[in-house]
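**Q** After the structure tokens below, expect a handful of questions from me.
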Amino acid sequence: METTTRPAAVWPWISTLARLGLAAVWLIAGATKVGDLAESARAVNAYQLMSYDVAKVVGGVQPFLEIALGLLLLIGLSTRLTAAISAVLLVIFIAGIISAWSRGLRIDCGCFSSGGELGAGRNTEYGLDILRDLGFLVLSGILLWRPRSRFSIDGALMGESS
């Protein structure tokens, strides 16, 4: 009879929560942008890190990438790879926010909105945006470390029971 220690038995559930939480983040972020790709491009361009033509491409691709990551995490397919891509994107997003903050730009990060320059009377929330993204990065880290989770295609393909 195989015995499982309590911590080992809990990790698949923790990873499941991390996977589903990160899936929700990517699905919501992508869904808020996919309806207006021109606005998404303007949000990327507001960071002033690339030419407008490159920002248009990035802004057009980003919502679909976010939705794809969300769907892969939701079904639990290629979890570790998807978590690694998520971690890279989150580090890029954090670096972009830090860059905008350090250069004195007054923009909405565009993570869960159309983004772009802030209107009069609105304050930046860079610190909160960075903390939020660091939290999402922790979820990615959990999945990089412990990708096995419940109710996943990865688990079904490996013959693990849910």
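Identifiers in the structure tokens: chain A, B, ... in order shown; residue index from 1 per chain; ligand index from 1 in order shown.
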Considering only C-alpha atoms, return as a PyMOL selection string whatever protein or nucleic-acid residues lie within 12 Å of segment 95-99 of chain A, sequence-local ones (same chain, fewer than 4 positions apart) excluded.
**A** chain A and resi 43-50+88-91+103-111+115+124-134
**Q** Keeping only N, CA, C and O atoms, write the selected residues as a CSV table (one decimal), in the first residue's frame.
**A**
```csv
chain,number,residue,atom,x,y,z
A,43,ALA,N,-2.5,51.2,-26.4
A,43,ALA,CA,-2.1,51.0,-25.0
A,43,ALA,C,-0.6,50.5,-25.0
A,43,ALA,O,0.2,51.0,-24.1
A,44,VAL,N,-0.2,49.6,-25.9
A,44,VAL,CA,1.2,49.2,-26.0
A,44,VAL,C,2.1,50.4,-26.3
A,44,VAL,O,3.1,50.6,-25.8
A,45,ASN,N,1.6,51.2,-27.3
A,45,ASN,CA,2.4,52.3,-27.7
A,45,ASN,C,2.6,53.4,-26.6
A,45,ASN,O,3.6,54.1,-26.6
A,46,ALA,N,1.6,53.5,-25.7
A,46,ALA,CA,1.7,54.5,-24.6
A,46,ALA,C,3.0,54.3,-23.8
A,46,ALA,O,3.4,55.2,-23.1
A,47,TYR,N,3.5,53.1,-23.8
A,47,TYR,CA,4.7,52.8,-23.0
A,47,TYR,C,6.0,53.4,-23.6
A,47,TYR,O,7.0,53.5,-23.0
A,48,GLN,N,5.9,53.8,-24.9
A,48,GLN,CA,7.0,54.4,-25.6
A,48,GLN,C,8.2,53.6,-25.6
A,48,GLN,O,9.3,54.2,-25.4
A,49,LEU,N,8.1,52.3,-25.8
A,49,LEU,CA,9.3,51.4,-25.8
A,49,LEU,C,9.6,50.9,-27.2
A,49,LEU,O,10.6,50.3,-27.4
A,50,MET,N,8.7,51.1,-28.1
A,50,MET,CA,8.9,50.6,-29.5
A,50,MET,C,8.2,51.5,-30.5
A,50,MET,O,7.4,52.4,-30.1
A,88,VAL,N,7.5,34.7,-18.1
A,88,VAL,CA,8.3,35.6,-19.0
A,88,VAL,C,7.5,36.8,-19.3
A,88,VAL,O,8.0,38.0,-19.2
A,89,LEU,N,6.2,36.6,-19.7
A,89,LEU,CA,5.3,37.8,-20.0
A,89,LEU,C,5.2,38.7,-18.8
A,89,LEU,O,5.2,39.9,-18.9
A,90,LEU,N,5.0,38.1,-17.7
A,90,LEU,CA,4.8,38.9,-16.5
A,90,LEU,C,6.0,39.7,-16.1
A,90,LEU,O,5.9,40.9,-15.7
A,91,VAL,N,7.2,39.1,-16.3
A,91,VAL,CA,8.4,39.9,-16.1
A,91,VAL,C,8.5,41.0,-17.0
A,91,VAL,O,8.9,42.2,-16.7
A,103,ARG,N,10.2,56.8,-16.0
A,103,ARG,CA,10.3,57.9,-17.0
A,103,ARG,C,9.2,59.0,-16.8
A,103,ARG,O,9.1,59.9,-17.6
A,104,GLY,N,8.4,58.8,-15.8
A,104,GLY,CA,7.4,59.8,-15.5
A,104,GLY,C,6.2,59.8,-16.4
A,104,GLY,O,5.4,60.7,-16.4
A,105,LEU,N,6.0,58.7,-17.1
A,105,LEU,CA,4.8,58.6,-17.9
A,105,LEU,C,3.6,58.4,-17.1
A,105,LEU,O,3.6,57.8,-16.0
A,106,ARG,N,2.5,59.0,-17.5
A,106,ARG,CA,1.2,58.9,-16.8
A,106,ARG,C,0.2,58.1,-17.6
A,106,ARG,O,-0.5,58.6,-18.4
A,107,ILE,N,0.3,56.8,-17.5
A,107,ILE,CA,-0.5,55.9,-18.3
A,107,ILE,C,-1.2,54.8,-17.4
A,107,ILE,O,-0.7,54.6,-16.3
A,108,ASP,N,-2.2,54.3,-17.9
A,108,ASP,CA,-2.9,53.1,-17.3
A,108,ASP,C,-2.1,51.9,-17.9
A,108,ASP,O,-1.9,51.9,-19.1
A,109,CYS,N,-1.8,50.9,-17.1
A,109,CYS,CA,-1.0,49.8,-17.6
A,109,CYS,C,-1.6,49.1,-18.8
A,109,CYS,O,-1.0,48.4,-19.6
A,110,GLY,N,-3.0,49.1,-18.8
A,110,GLY,CA,-3.7,48.4,-19.9
A,110,GLY,C,-3.8,46.9,-19.7
A,110,GLY,O,-4.1,46.1,-20.6
A,111,CYS,N,-3.5,46.4,-18.5
A,111,CYS,CA,-3.5,45.0,-18.2
A,111,CYS,C,-4.9,44.4,-18.2
A,111,CYS,O,-5.2,43.4,-18.8
A,115,GLY,N,-6.2,50.8,-21.4
A,115,GLY,CA,-4.9,51.4,-21.2
A,115,GLY,C,-4.7,52.7,-21.8
A,115,GLY,O,-5.7,53.4,-22.2
A,124,THR,N,-1.7,57.6,-11.3
A,124,THR,CA,-1.1,56.3,-11.7
A,124,THR,C,-1.2,55.3,-10.5
A,124,THR,O,-1.2,55.8,-9.4
A,125,GLU,N,-1.2,54.1,-10.8
A,125,GLU,CA,-1.2,53.0,-9.7
A,125,GLU,C,-0.1,52.0,-10.0
A,125,GLU,O,-0.3,50.8,-9.8
A,126,TYR,N,1.1,52.5,-10.4
A,126,TYR,CA,2.2,51.6,-10.7
A,126,TYR,C,2.5,50.7,-9.6
A,126,TYR,O,2.8,49.5,-9.9
A,127,GLY,N,2.6,51.1,-8.4
A,127,GLY,CA,3.0,50.3,-7.3
A,127,GLY,C,2.0,49.1,-7.1
A,127,GLY,O,2.5,47.9,-7.0
A,128,LEU,N,0.8,49.4,-7.2
A,128,LEU,CA,-0.3,48.3,-7.1
A,128,LEU,C,-0.2,47.4,-8.3
A,128,LEU,O,-0.4,46.2,-8.1
A,129,ASP,N,0.0,48.0,-9.5
A,129,ASP,CA,0.1,47.2,-10.7
A,129,ASP,C,1.3,46.2,-10.6
A,129,ASP,O,1.1,45.0,-10.9
A,130,ILE,N,2.4,46.7,-10.1
A,130,ILE,CA,3.6,45.8,-9.9
A,130,ILE,C,3.3,44.7,-8.9
A,130,ILE,O,3.6,43.5,-9.1
A,131,LEU,N,2.7,45.1,-7.8
A,131,LEU,CA,2.4,44.1,-6.7
A,131,LEU,C,1.5,43.0,-7.2
A,131,LEU,O,1.6,41.8,-7.0
A,132,ARG,N,0.5,43.5,-8.0
A,132,ARG,CA,-0.5,42.5,-8.5
A,132,ARG,C,0.2,41.6,-9.5
A,132,ARG,O,0.0,40.3,-9.4
A,133,ASP,N,1.0,42.1,-10.4
A,133,ASP,CA,1.7,41.2,-11.3
A,133,ASP,C,2.8,40.3,-10.6
A,133,ASP,O,3.0,39.2,-11.1
A,134,LEU,N,3.4,40.8,-9.5
A,134,LEU,CA,4.2,39.9,-8.8
A,134,LEU,C,3.4,38.7,-8.2
A,134,LEU,O,3.9,37.6,-8.1
```
**Q** Would you mind listing what lies within 12 Å of Leu72 of chain A as a VMD selection string, with only C-alpha atoms counted and same-chain residues fewer than 4 positions away left out?
**A** chain A and resid 19 to 20 22 to 24 26 to 27 65 to 68 76 to 83 85 to 86 152 to 154
**Q** Go ahead and compute the interatomic distance for atom CA of Ala18 of chain A and atom CA of Ile92 of chain A, in Å to one decimal.
**A** 20.1 Å
**Q** May I ask which of the residues A:Lys56, A:Ser15, A:Arg42, A:Phe64 is the closest one to Trp145 of chain A, counting only C-alpha atoms?
**A**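 Among the listed residues, the smallest separation from Trp145 of chain A belongs to A:Ser15.
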**Q** As a PyMOL selection string, list the residues of chain A assigned to strand (DSSP E or B) by DSSP on the backbone atoms of this structure.
**A** chain A and resi 107-108+116-117
**Q** Show me, as an MDAnalysis selection string, the residues that have an atom within 12 Å of Ala8 of chain A when counting only C-alpha atoms, minus same-chain residues fewer than 5 positions from it.
**A** chainID A and resid 3 13:15 146 148:149
**Q** Would you save the residues from that selection as an mmCIF file, in the first residue's frame, using N, CA, C and O atoms?
**A**
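File produced: again-v3.cif:
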```cif
data_model
loop_
_atom_site.group_PDB
_atom_site.id
_atom_site.type_symbol
_atom_site.label_atom_id
_atom_site.label_comp_id
_atom_site.auth_asym_id
_atom_site.auth_seq_id
_atom_site.Cartn_x
_atom_site.Cartn_y
_atom_site.Cartn_z
ATOM 1 N N THR A 3 1.697 5.054 0.695
ATOM 2 C CA THR A 3 1.263 6.126 1.589
ATOM 3 C C THR A 3 1.742 7.454 1.038
ATOM 4 O O THR A 3 2.830 7.571 0.499
ATOM 5 N N TRP A 13 -3.651 20.190 -5.197
ATOM 6 C CA TRP A 13 -4.774 21.110 -5.017
ATOM 7 C C TRP A 13 -4.306 22.565 -5.041
ATOM 8 O O TRP A 13 -4.974 23.433 -5.620
ATOM 9 N N ILE A 14 -3.157 22.832 -4.431
ATOM 10 C CA ILE A 14 -2.587 24.185 -4.480
ATOM 11 C C ILE A 14 -2.273 24.544 -5.935
ATOM 12 O O ILE A 14 -2.589 25.646 -6.398
ATOM 13 N N SER A 15 -1.676 23.608 -6.653
ATOM 14 C CA SER A 15 -1.359 23.845 -8.070
ATOM 15 C C SER A 15 -2.622 24.028 -8.901
ATOM 16 O O SER A 15 -2.637 24.825 -9.834
ATOM 17 N N ARG A 146 5.646 22.981 -9.274
ATOM 18 C CA ARG A 146 4.738 21.847 -9.083
ATOM 19 C C ARG A 146 3.607 21.897 -10.113
ATOM 20 O O ARG A 146 2.496 22.322 -9.805
ATOM 21 N N ARG A 148 1.875 19.544 -11.581
ATOM 22 C CA ARG A 148 0.803 18.543 -11.513
ATOM 23 C C ARG A 148 -0.352 19.081 -10.706
ATOM 24 O O ARG A 148 -0.195 19.514 -9.562
ATOM 25 N N SER A 149 -1.521 19.037 -11.332
ATOM 26 C CA SER A 149 -2.711 19.565 -10.681
ATOM 27 C C SER A 149 -3.898 18.668 -10.984
ATOM 28 O O SER A 149 -3.836 17.795 -11.849
#
```
**Q** Pull the alpha helix (DSSP H) assignments for chain A out of DSSP run on the backbone, and list those residues as a PyMOL selection string.
**A** chain A and resi 6-34+37-45+52-75+79-102+126-145+153-157
**Q** Taking only C-alpha atoms into account, name the residue in A:Ser113, A:Ala87, A:Val34, A:Asn123 that is nearest to Gln62 of chain A.
**A**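 Of the candidates, the smallest distance to Gln62 of chain A is held by A:Val34.
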**Q** Which is closer to Ala29 of chain A than all the others in A:Leu17, A:Leu69, A:Val57, A:Ala41, using only C-alpha atoms?
**A**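 Closest residue, counting only C-alpha atoms: A:Leu69.
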**Q** Between atom CA of Gly141 of chain A and atom CA of Pro7 of chain A, what distance in Å does the model show, to one decimal?
**A**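 Those two atoms sit 17.7 Å apart.
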**Q** Point out the residue among A:Leu71, A:Ala55, A:Val10, A:Thr16 with the least atom-to-atom distance to Ile28 of chain A, counting only C-alpha atoms.
**A** A:Leu71
